[in-house]
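As structure tokens, the structure follows; a few thoughts come after it.
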Amino acid sequence: MKALEVRSISKMFPGNLANDNISFSVEKGEIFAIVGENGAGKSTLMNIIYGIYTPSGGDLLVNENEVKIRSVEDAIKLRMGMVHQEFMLIPRFTVTQNIVIGDEPHKGIFFDYGRAVREVRELSERVSLTVDATALAGDLPVGVQQRIEILKVLRRGAEILIFDEPTAVLTPEETVELFVTMRKLQAEGKTILFISHKLKEVMEIADRIAVLRRGKLQGIVNKKDTNEEELARMMVGRNVVLEIPKVDVEVGAVAFACHDLHVRNKRGYEAVKGMSLEVHGGEIVGIAGVQGNGQDELVNAMIGFSHPVSGSMELNGKNMRMVTTAQLRKEGMSYITEDRGRRGLVMPYTVRENSVMGQHLGRPFSKGIRMDYDKVGEFAEGKVKEYDIRPGDVYDTAGSLSGGNQQKLILARELSLPHNFLIASQPTRGLDVGATEFVYRKLLEEKKAGKAILLISLELSEILGLSDRILVMFEGRIVGETTPDKTTEEALGLLMLGVGIDKKVQS
Amino acid sequence: MSESNFTTKFLKLFGIDNQGHNRRDPLNVWVPLISVGLALIFGMIVIAASGRNPFQAYGLLFGDSGLIPGGPAWRREFAELLIKSAMYIATGLSVALAFKGGLFNIGAEGQFWVGAIVATFFGYWAPVAHTFGAMYAALGSFGWIAQLLHGAICVIMGMLAGGAWAAVAGYLYVKRGVNIVIGTIMLNWIAWFLITSWLVIGPMTPPSQTFTSGTFYVADTAKLWRIMMPTRLNTSILLVLLAAYATWFLLYKTTVGYEIRAIGYTANIGMEAPRAQGINISRRILQLMFFSGALAALGGTFFILGMQYQFPNTAIMGYGWTGIAIALIGQSEPLGVVLAGLFIGALRTGATSMQVANIPKTFSDIIEGMAVGFIAMQVAVRYYLVKIIQHRHARRDPPADQEAAA
Ligand SMILES: Nc1ncnc2c1ncn2[C@@H]1O[C@H](COP(=O)(O)OP(=O)(O)OP(=O)(O)O)[C@@H](O)[C@H]1O
Ligand SMILES: [Mg+2]
């Protein structure tokens with residue numbers, strides 16, 4: 001039986017046809033993947049199916065009946081559930097509150113929190129998605145936040161599940177877990193729509209794969225009959241080789257150094273426990289590690305968001321332990337963040353306004369107290385072309401860009417700032433192959449230009465491909481240093497999990 | 001992942017793209033207009049329900065509001081309208097500016113009083129008043145220079161004091177994490193007690209007077225010029241229009257405004273994006289509170305230098321609170337605030353003469369309250385507007401885009 005059928009769906013945004021006459025159907029119990037470049041229209045299509053957008057044309061069928069989905073409530077009634085690319089959790093609510101919101105268990109007229117917690121625990125056990133039911137959602141790492149979203153959808157009895165790039169935020173281990181969950185759900189007869197940029201994952205989990213390019217359906221292929229190369233070609237329209245060329249650069253002076261750094265997290269718990277590292281000009285130092293081992297706190301200290309409790313931190317020989325972000329930036333720090341929505345961009349600001357934030361003071365973008373928006377506009381136009389930011393209207397808000405284009409905008413801004421030290425924190429999270437290739441190229445150009453680069457990534461292939469030196473981070477410490485030619489993904493993976501580390505040294 | 005995405009998505013559930021005011025969004029204009037329109041319609045219903053003739057009531061309300069030229073008392077009413085509106089616009093700008101930076105300055109009321117009391121002080125304080133009095137006499141036909149200087153000193157000192165007063169709340173927020181709403185309310189009470197239980201019945205009051213009489217009167221040189229004799233219309237309306245322009249310029253043309261709006265847009269998600277780009281959030285918030293307080297205080301100086309000439313002992317309540325309503329109706333945009341200020345000024349002017357016809361003044365308050373209520377319900381108003389537009393589009397040419405209308 002066809003669980004879902006999409007018939008010539010189109011969606012027109014002002015000046016931008018995001019979905020162009022798309023038709024396909026998904027069988028019940030199938031895992032159906034949708035791939036495509038950033039901005040290809042995947043999220044738009046999912047939002048239409050889920051009732052968030054109204055299509056400009058076309059029909060939807062659920063269980064072979066024609067339906068009108070005018071709102072999310074309609075979609076939920078039709079037993080659909082969506083886990084969004086950007087989560088919609090309320091940070092100040094607990095995990096349980098977030099899961100039951102909108103459909104809370106009651107005792108009389110009162111919200112029965114105790115029962116809700118029990119329900120959440122049962123559910124989480126049944127589908128083996130572990131969460132702490134009483135923790136505050138805002139305090140949890142993204143990987144766990146996603147589990148909350150999945151649980152929420154399952155609790156409402158969804159039969160058709162839409163996952164919009166669920167793995168973009170996950171560690172390799174978490175991805176494996178997610179796939180186990182997805183298979184389990186499939187075995188229960190649930191239908192899954194799955195979006196990913198990672199062709200390897202798609203080839204692993206999907207039954208059939210639809211490829212979108214610039215709003216059009218390029219084709220639907222059976223997993224059995226295709227391979228990664230063919231998919232990449234269909235997506236991008238040309239051959240893509242995600243092979244990272246070796247670039248040899250003379251290593252320069254130390255740009256960033258920290259010694260015996262201790263950093264506390266928001267709750268006062270010491271998350272970085274004595275880290276020492278140096279990054280030289282012309283060098284990419286990769287930090288590998290499973291999410292939640294102190295990377296976020298380390299970055300926060302390096303960008304001046306929190307002050308280390310002890311240890312030293314220097315940028316270009318200057319003490320930077322107790323300084324502000326502004327001072328670090330002035331000294332030559334640039335920062336690419338994975339948290340585009342919160343940290344990277346002011347979403348309601350236009351591309352134009354976002355493109356100069358951080359260098360808007362002084363010439364050329366302001367004269368005295370006045371912003372020179374003409375100059376800002378020219379600059380933004382130039383960057384939009386150089387970085388191929390689509391759709392390319394500098395008056396679009398950053399929030400209306402697709403994830404990949406938001407990341408390009410961040411890169412455009414950060415790399416055009418005067419800097420000699422670049423922190424790249426998961427720079428390719430959520431990017432398609434083309435955009436990932438672009439980011440790699442830019443990072444290597446930076447290296448060639450003699451910049452010092454610290455790359456923090458959960459993606460081992462990225463760490464191995466780009467880094468000159470690799471540091472493995474585990475529970476707030478560096479537990480190993482190696483170079484790409486001396487190690488393998490497997491060996492790194494084990495180190496990241498703390499396997500083979502002398503426990504005595506640790507405590 | 002973040003609240004902003006949450007709100008965005010939440011609004012999208014209603015078919016609304018919550019993408020700020022970067023693109024000129026026609027709904028930003030229609031929402032307040034429709035809200036006011038609805039308030040007027042419901043106002044009629046309320047008046048009719050009370051057994052009075054709504055058309056007569058509105059005739060009086062708007063006939064005597066100063067908005068419509070003509071009639072024997074029009075010049076006076078027009079003057080009253082502008083005098084009142086100048087103060088409302090000042091406090092409205094104060095609240096609106098803070099809103100733009102993501103702060104809810106609920107203390108415009110207190111900042112208004114601080115501006116008023118300080119302007120009073122510099123208006124009568126002998127060293128200043130005598131200097132300008134002597135200067136006025138000495139300058140002869142150039143006496144206006146002395147008036148200009150004395151007036152300017154009173155206005156500027158009032159604004160500085162009101163700004164500093166608000167900046168205290170900014171300081172407490174930035175350094176101690178005291179919520180702006182709590183901080184400004186607290187400062188309202190402190191201002192209130194300092195002024196009414198001490199200054200106005202003690203050091204600033206002539207000793208020979210009874211203590212119901214208020215402070216000393218300001219010197220003639222400190223009074224705002226009258227610009228439309230014989231009414232008491234004064235330069236306050238011009239000054240406040242200048243202030244509105246300055247506020248607009250600050251927000252949309254300067255680096256500070258660029259940063260303030262970035263802070264405001266991200267206020268509910270920790271302002272991380274502007275902070276990560278090296279913007280000094282604390283300093284901007286302090287400055288923002290200072291500017292905001294100075295604008296409210298400007299209204300206070302108008303109250304003294306253009307109307308009362310002394311700080312009366314009776315409570316002057318409500319100009320700051322009204323500012324909140326005006327900022328809401330004006331959608332926190334300087335031009336919107338000016339229009340909303342004129343509207344409320346008109347209602348309040350007309351209300352006085354409506355009373356004469358035995359229609360309680362409360363009806364104008366009801367209309368005002370409902371306008372604010374409808375604005376507060378703007379999500380709903382927007383929702384129906386979008387629906388209506390979509391419906392019309394759908395009928396005209398089916399495949400046309402719906403969100404585009406939003
Ligand atoms: N609300 C909106 N208003 C205007 N244009 C939009 C809106 N949402 C998306 N778009 C545009 O529609 C196109 C498709 O975007 P969509 O988010 O569906 O891409 P995507 O395939 O999910 O990309 P990514 O992989 O980067 O998430 C993009 O060009 C985007 O800029
Ligand atoms: Mg997407």
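Scheme for the structure tokens: letters A, B, ... for chains in order shown; per-chain residue numbers from 1; ligand numbers from 1 in order shown.
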Contacts of range 317-320 of chain A at 8 Å (only C-alpha atoms; same-chain gap of 5+ positions) as an mmCIF file with N, CA and C atoms, in the first residue's frame:
data_model
loop_
_atom_site.group_PDB
_atom_site.id
_atom_site.type_symbol
_atom_site.label_atom_id
_atom_site.label_comp_id
_atom_site.auth_asym_id
_atom_site.auth_seq_id
_atom_site.Cartn_x
_atom_site.Cartn_y
_atom_site.Cartn_z
ATOM 1 N N ALA A 255 50.567 30.651 16.461
ATOM 2 C CA ALA A 255 49.552 31.703 16.480
ATOM 3 C C ALA A 255 48.741 31.588 17.771
ATOM 4 N N PHE A 256 48.248 30.389 18.025
ATOM 5 C CA PHE A 256 47.451 30.198 19.233
ATOM 6 C C PHE A 256 48.111 29.151 20.115
ATOM 7 N N SER A 312 46.810 29.073 30.861
ATOM 8 C CA SER A 312 47.135 30.247 30.052
ATOM 9 C C SER A 312 46.590 30.076 28.642
ATOM 10 N N LEU A 328 39.632 39.440 21.171
ATOM 11 C CA LEU A 328 40.155 38.292 20.432
ATOM 12 C C LEU A 328 40.027 38.514 18.939
#
Identify, counting only C-alpha atoms and all ligand atoms, the protein, DNA and RNA residues located within 7 Å of ligand 2, and give them as an mmCIF file with all heavy atoms, in the first residue's frame.
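Heads up, here's the output in selection18.cif:
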data_model
loop_
_atom_site.group_PDB
_atom_site.id
_atom_site.type_symbol
_atom_site.label_atom_id
_atom_site.label_comp_id
_atom_site.auth_asym_id
_atom_site.auth_seq_id
_atom_site.Cartn_x
_atom_site.Cartn_y
_atom_site.Cartn_z
ATOM 1 N N ASN A 38 22.300 21.729 -1.013
ATOM 2 C CA ASN A 38 21.716 22.745 -0.152
ATOM 3 C C ASN A 38 20.836 23.650 -0.990
ATOM 4 O O ASN A 38 21.257 24.140 -2.034
ATOM 5 C CB ASN A 38 22.801 23.597 0.503
ATOM 6 C CG ASN A 38 23.646 22.794 1.478
ATOM 7 O OD1 ASN A 38 24.852 22.722 1.341
ATOM 8 N ND2 ASN A 38 23.003 22.184 2.429
ATOM 9 N N GLY A 39 19.619 23.848 -0.540
ATOM 10 C CA GLY A 39 18.724 24.722 -1.277
ATOM 11 C C GLY A 39 18.004 24.025 -2.405
ATOM 12 O O GLY A 39 17.315 24.667 -3.199
ATOM 13 N N LYS A 42 14.501 20.322 -0.397
ATOM 14 C CA LYS A 42 14.115 19.156 0.393
ATOM 15 C C LYS A 42 13.270 19.560 1.595
ATOM 16 O O LYS A 42 12.181 19.027 1.810
ATOM 17 C CB LYS A 42 15.372 18.407 0.886
ATOM 18 C CG LYS A 42 16.336 18.033 -0.230
ATOM 19 C CD LYS A 42 17.557 17.335 0.316
ATOM 20 C CE LYS A 42 18.441 18.215 1.182
ATOM 21 N NZ LYS A 42 19.135 19.297 0.503
ATOM 22 N N SER A 43 13.786 20.517 2.372
ATOM 23 C CA SER A 43 13.038 20.932 3.559
ATOM 24 C C SER A 43 11.696 21.522 3.170
ATOM 25 O O SER A 43 10.683 21.303 3.833
ATOM 26 C CB SER A 43 13.831 21.958 4.364
ATOM 27 O OG SER A 43 15.026 21.392 4.831
ATOM 28 N N GLN A 85 15.011 19.898 10.913
ATOM 29 C CA GLN A 85 16.435 20.152 10.773
ATOM 30 C C GLN A 85 16.908 20.997 11.946
ATOM 31 O O GLN A 85 17.930 20.732 12.541
ATOM 32 C CB GLN A 85 16.647 20.924 9.469
ATOM 33 C CG GLN A 85 18.035 20.902 8.935
ATOM 34 C CD GLN A 85 18.059 21.423 7.510
ATOM 35 O OE1 GLN A 85 17.055 21.880 6.969
ATOM 36 N NE2 GLN A 85 19.206 21.358 6.884
ATOM 37 N N ASP A 164 14.307 15.284 8.819
ATOM 38 C CA ASP A 164 15.032 16.244 7.991
ATOM 39 C C ASP A 164 16.470 16.329 8.499
ATOM 40 O O ASP A 164 16.740 16.928 9.527
ATOM 41 C CB ASP A 164 14.347 17.614 8.030
ATOM 42 C CG ASP A 164 14.867 18.536 6.945
ATOM 43 O OD1 ASP A 164 15.846 18.159 6.273
ATOM 44 O OD2 ASP A 164 14.301 19.631 6.775
ATOM 45 N N SER A 402 18.736 28.319 2.945
ATOM 46 C CA SER A 402 18.882 26.935 3.372
ATOM 47 C C SER A 402 20.155 26.828 4.204
ATOM 48 O O SER A 402 21.020 27.698 4.155
ATOM 49 C CB SER A 402 18.951 26.011 2.169
ATOM 50 O OG SER A 402 20.173 26.193 1.503
ATOM 51 N N GLY A 403 20.243 25.756 4.973
ATOM 52 C CA GLY A 403 21.365 25.591 5.892
ATOM 53 C C GLY A 403 22.725 25.763 5.220
ATOM 54 O O GLY A 403 23.615 26.430 5.743
#
>> Residues of chain A within 8 Å of chain B, counting only C-alpha atoms, what are they? List them as number ranges by chain.
In response: A: 11-14, 52-57, 71-72, 86-91, 142, 145, 303, 305, 324-327, 329, 341-350, 357-358, 360-361, 366, 369-372, 395, 397, 399
Please return as an mmCIF file with C-alpha atoms, in the first residue's frame: the residues of range 209-363 of chain A that backbone DSSP assigns to strand (DSSP E).
data_model
loop_
_atom_site.group_PDB
_atom_site.id
_atom_site.type_symbol
_atom_site.label_atom_id
_atom_site.label_comp_id
_atom_site.auth_asym_id
_atom_site.auth_seq_id
_atom_site.Cartn_x
_atom_site.Cartn_y
_atom_site.Cartn_z
ATOM 1 C CA ILE A 209 16.333 7.295 -3.058
ATOM 2 C CA ALA A 210 14.883 10.392 -4.716
ATOM 3 C CA VAL A 211 17.275 13.046 -5.962
ATOM 4 C CA LEU A 212 16.266 16.711 -6.081
ATOM 5 C CA ARG A 213 18.189 19.366 -7.928
ATOM 6 C CA LYS A 216 13.183 19.482 -9.638
ATOM 7 C CA LEU A 217 12.993 15.746 -9.134
ATOM 8 C CA GLN A 218 16.008 14.326 -10.978
ATOM 9 C CA GLY A 219 14.973 10.749 -10.529
ATOM 10 C CA ILE A 220 14.205 7.955 -8.108
ATOM 11 C CA VAL A 221 16.572 5.017 -7.838
ATOM 12 C CA ASN A 222 16.593 1.732 -5.982
ATOM 13 C CA VAL A 254 52.797 29.768 16.871
ATOM 14 C CA ALA A 255 49.552 31.703 16.480
ATOM 15 C CA PHE A 256 47.451 30.198 19.233
ATOM 16 C CA ALA A 257 48.663 28.437 22.311
ATOM 17 C CA CYS A 258 47.070 27.333 25.531
ATOM 18 C CA HIS A 259 48.617 25.589 28.469
ATOM 19 C CA ASP A 260 46.966 23.550 31.200
ATOM 20 C CA LEU A 261 43.634 25.167 30.455
ATOM 21 C CA HIS A 262 40.733 24.443 32.783
ATOM 22 C CA VAL A 263 37.249 25.539 31.780
ATOM 23 C CA ARG A 264 33.941 25.113 33.552
ATOM 24 C CA GLU A 270 34.845 21.361 34.952
ATOM 25 C CA ALA A 271 34.534 20.229 31.353
ATOM 26 C CA VAL A 272 38.041 21.028 30.118
ATOM 27 C CA LYS A 273 40.543 19.571 32.519
ATOM 28 C CA GLY A 274 43.956 20.821 31.657
ATOM 29 C CA MET A 275 44.406 21.143 27.917
ATOM 30 C CA SER A 276 47.579 22.267 26.246
ATOM 31 C CA LEU A 277 47.904 22.813 22.545
ATOM 32 C CA GLU A 278 49.605 24.973 19.962
ATOM 33 C CA VAL A 279 48.481 25.928 16.501
ATOM 34 C CA HIS A 280 51.059 27.258 14.081
ATOM 35 C CA GLU A 283 48.866 24.288 9.890
ATOM 36 C CA ILE A 284 45.520 22.622 10.455
ATOM 37 C CA VAL A 285 45.224 21.023 13.847
ATOM 38 C CA GLY A 286 42.262 18.688 14.087
ATOM 39 C CA ILE A 287 40.504 17.914 17.334
ATOM 40 C CA ALA A 288 38.692 14.604 17.146
ATOM 41 C CA SER A 310 43.090 28.477 35.275
ATOM 42 C CA GLY A 311 45.818 27.973 32.753
ATOM 43 C CA SER A 312 47.135 30.247 30.052
ATOM 44 C CA MET A 313 45.837 31.182 26.647
ATOM 45 C CA GLU A 314 47.756 33.220 24.095
ATOM 46 C CA LEU A 315 47.022 34.571 20.659
ATOM 47 C CA LYS A 318 49.496 38.081 23.800
ATOM 48 C CA ASN A 319 47.799 36.842 26.937
ATOM 49 C CA MET A 333 40.563 35.346 15.619
ATOM 50 C CA SER A 334 37.927 34.161 13.170
ATOM 51 C CA TYR A 335 35.278 31.632 14.070
ATOM 52 C CA ILE A 336 33.081 29.330 12.022
#
>> I need the residue nearest Glu368 in chain B from this list: B:Ala73, B:Ile281, B:Ala351, B:Leu81. Use only C-alpha atoms for the distance.
In response: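 Nearest candidate to Glu368 in chain B out of B:Ala73, B:Ile281, B:Ala351, B:Leu81: B:Ala351.
In this structure, CA of Leu40 in chain B sits 25.7 Å away from CA of Pro72 in chain B.
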>> So that I can see what lies close to Met87 in chain B, please list as number ranges by chain the residues with an atom at most 10 Å from it, counting only C-alpha atoms and leaving out residues fewer than 5 positions away in the same chain.
In response: B: 82, 92-93, 112, 236-237, 240, 295-303, 319-320, 322-323, 341, 345
> Which residue, A:Val290, A:Ala253, A:Ala18, A:Leu161, has the smallest gap to ligand 1 when you use only C-alpha atoms and all ligand atoms?
Replying inline: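 The answer is A:Ala18, which sits nearest to ligand 1.
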> Within 12 Å of range 138-154 of chain B, counting only C-alpha atoms, which residues qualify if same-chain residues fewer than 4 places away don't, as an MDAnalysis selection string?
Replying inline: chainID B and resid 115:125 127:134 158:161 218:225 235:236 239 297:298 300:306 309
Output for the residues just chosen: C-alpha atoms as a compact mmCIF listing (two decimals), in the first residue's frame:
# COMPACT_ATOMS: atom_id res chain seq x y z
CA GLY B 115 13.27 64.56 33.72
CA ALA B 116 10.48 66.78 35.01
CA ILE B 117 11.93 67.37 38.45
CA VAL B 118 15.41 68.09 37.14
CA ALA B 119 14.07 70.48 34.51
CA THR B 120 12.12 72.22 37.29
CA PHE B 121 15.24 72.54 39.37
CA PHE B 122 17.33 74.10 36.63
CA GLY B 123 14.37 76.27 35.75
CA TYR B 124 14.18 78.00 39.11
CA TRP B 125 17.53 77.39 40.80
CA PRO B 127 22.41 80.61 40.20
CA VAL B 128 21.08 79.53 36.83
CA ALA B 129 17.83 81.46 36.76
CA HIS B 130 19.46 84.73 37.85
CA THR B 131 22.26 84.41 35.33
CA PHE B 132 19.85 84.01 32.47
CA GLY B 133 17.48 86.60 33.88
CA ALA B 134 20.33 89.14 33.92
CA GLY B 158 16.46 66.66 32.43
CA MET B 159 17.34 64.24 29.65
CA LEU B 160 20.74 63.46 31.12
CA ALA B 161 19.18 62.76 34.50
CA VAL B 218 10.55 78.07 36.83
CA ALA B 219 11.90 81.39 35.61
CA ASP B 220 10.34 82.89 32.48
CA THR B 221 13.52 82.34 30.55
CA ALA B 222 13.20 78.59 31.04
CA LYS B 223 9.71 78.30 29.53
CA LEU B 224 9.28 76.85 26.07
CA TRP B 225 8.34 79.34 23.40
CA THR B 235 7.90 74.13 20.73
CA SER B 236 7.61 70.72 22.40
CA LEU B 239 11.39 69.04 19.60
CA ALA B 297 12.66 62.43 30.41
CA LEU B 298 12.29 64.72 27.41
CA GLY B 300 8.93 65.19 31.47
CA THR B 301 10.71 68.42 30.62
CA PHE B 302 7.86 69.33 28.23
CA PHE B 303 5.42 68.77 31.04
CA ILE B 304 7.20 71.33 33.22
CA LEU B 305 8.61 73.85 30.76
CA GLY B 306 5.60 73.92 28.46
CA TYR B 309 6.03 75.57 35.05
>> as a PyMOL selection string, please: the residues near Gln56 in chain B (cut-off 10 Å, only C-alpha atoms, same-chain neighbours under 4 positions excluded).
In response: chain B and resi 52+60-61+63+354+357+359
> How would you write, as a PyMOL selection string, the set of residues in range 278-459 of chain A that DSSP gives as alpha helix (DSSP H)?
Replying inline: chain A and resi 295-302+325-330+351-355+373-386+403-416+433-448
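With only C-alpha atoms as the atoms that count, the minimum distance from Val29 in chain B to the choices B:Val356, B:Tyr384, B:Arg176, B:Ser332 is reached by B:Ser332.
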> Out of A:Leu60, A:Ala435, A:Val180, A:Val479, which residue has the shortest atom-to-atom distance to Gln407 in chain A when counting only C-alpha atoms?
Replying inline: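 Comparing A:Leu60, A:Ala435, A:Val180, A:Val479 against Gln407 in chain A, the winner is A:Ala435.
For the residues A:Ala206, A:Met82, A:Ala40, A:Leu136, ranking by smallest atom-to-atom distance to Leu401 in chain A using only C-alpha atoms places A:Ala40 first.
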> If you count only C-alpha atoms, which residues fall within 12 Å of Glu386 in chain A, apart from same-chain ones fewer than 4 positions away, as a VMD selection string?
Replying inline: chain A and resid 379 to 382 390 392 408 to 409 411 to 413 415 to 416 438 442
Those residues you just picked out, can you put them in a file as a PDB file, in the first residue's frame with C-alpha atoms?
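Heads up, here's the output in result-v3.pdb:
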ATOM      1  CA  PHE A 379      30.393  43.980  -0.296  1.00  0.00           C
ATOM      2  CA  ALA A 380      27.510  41.554   0.205  1.00  0.00           C
ATOM      3  CA  GLU A 381      26.823  41.383  -3.541  1.00  0.00           C
ATOM      4  CA  GLY A 382      30.452  40.523  -4.118  1.00  0.00           C
ATOM      5  CA  ARG A 390      21.703  31.163  -3.260  1.00  0.00           C
ATOM      6  CA  GLY A 392      21.474  35.437  -4.157  1.00  0.00           C
ATOM      7  CA  LYS A 408      28.465  29.866   3.074  1.00  0.00           C
ATOM      8  CA  LEU A 409      27.413  33.263   4.347  1.00  0.00           C
ATOM      9  CA  LEU A 411      32.319  31.534   5.793  1.00  0.00           C
ATOM     10  CA  ALA A 412      32.166  34.574   3.561  1.00  0.00           C
ATOM     11  CA  ARG A 413      32.023  36.828   6.573  1.00  0.00           C
ATOM     12  CA  LEU A 415      37.172  34.624   6.031  1.00  0.00           C
ATOM     13  CA  SER A 416      36.941  38.228   4.926  1.00  0.00           C
ATOM     14  CA  PHE A 438      33.779  24.174  -1.126  1.00  0.00           C
ATOM     15  CA  LYS A 442      38.470  27.316   1.442  1.00  0.00           C
TER      16      LYS A 442
END
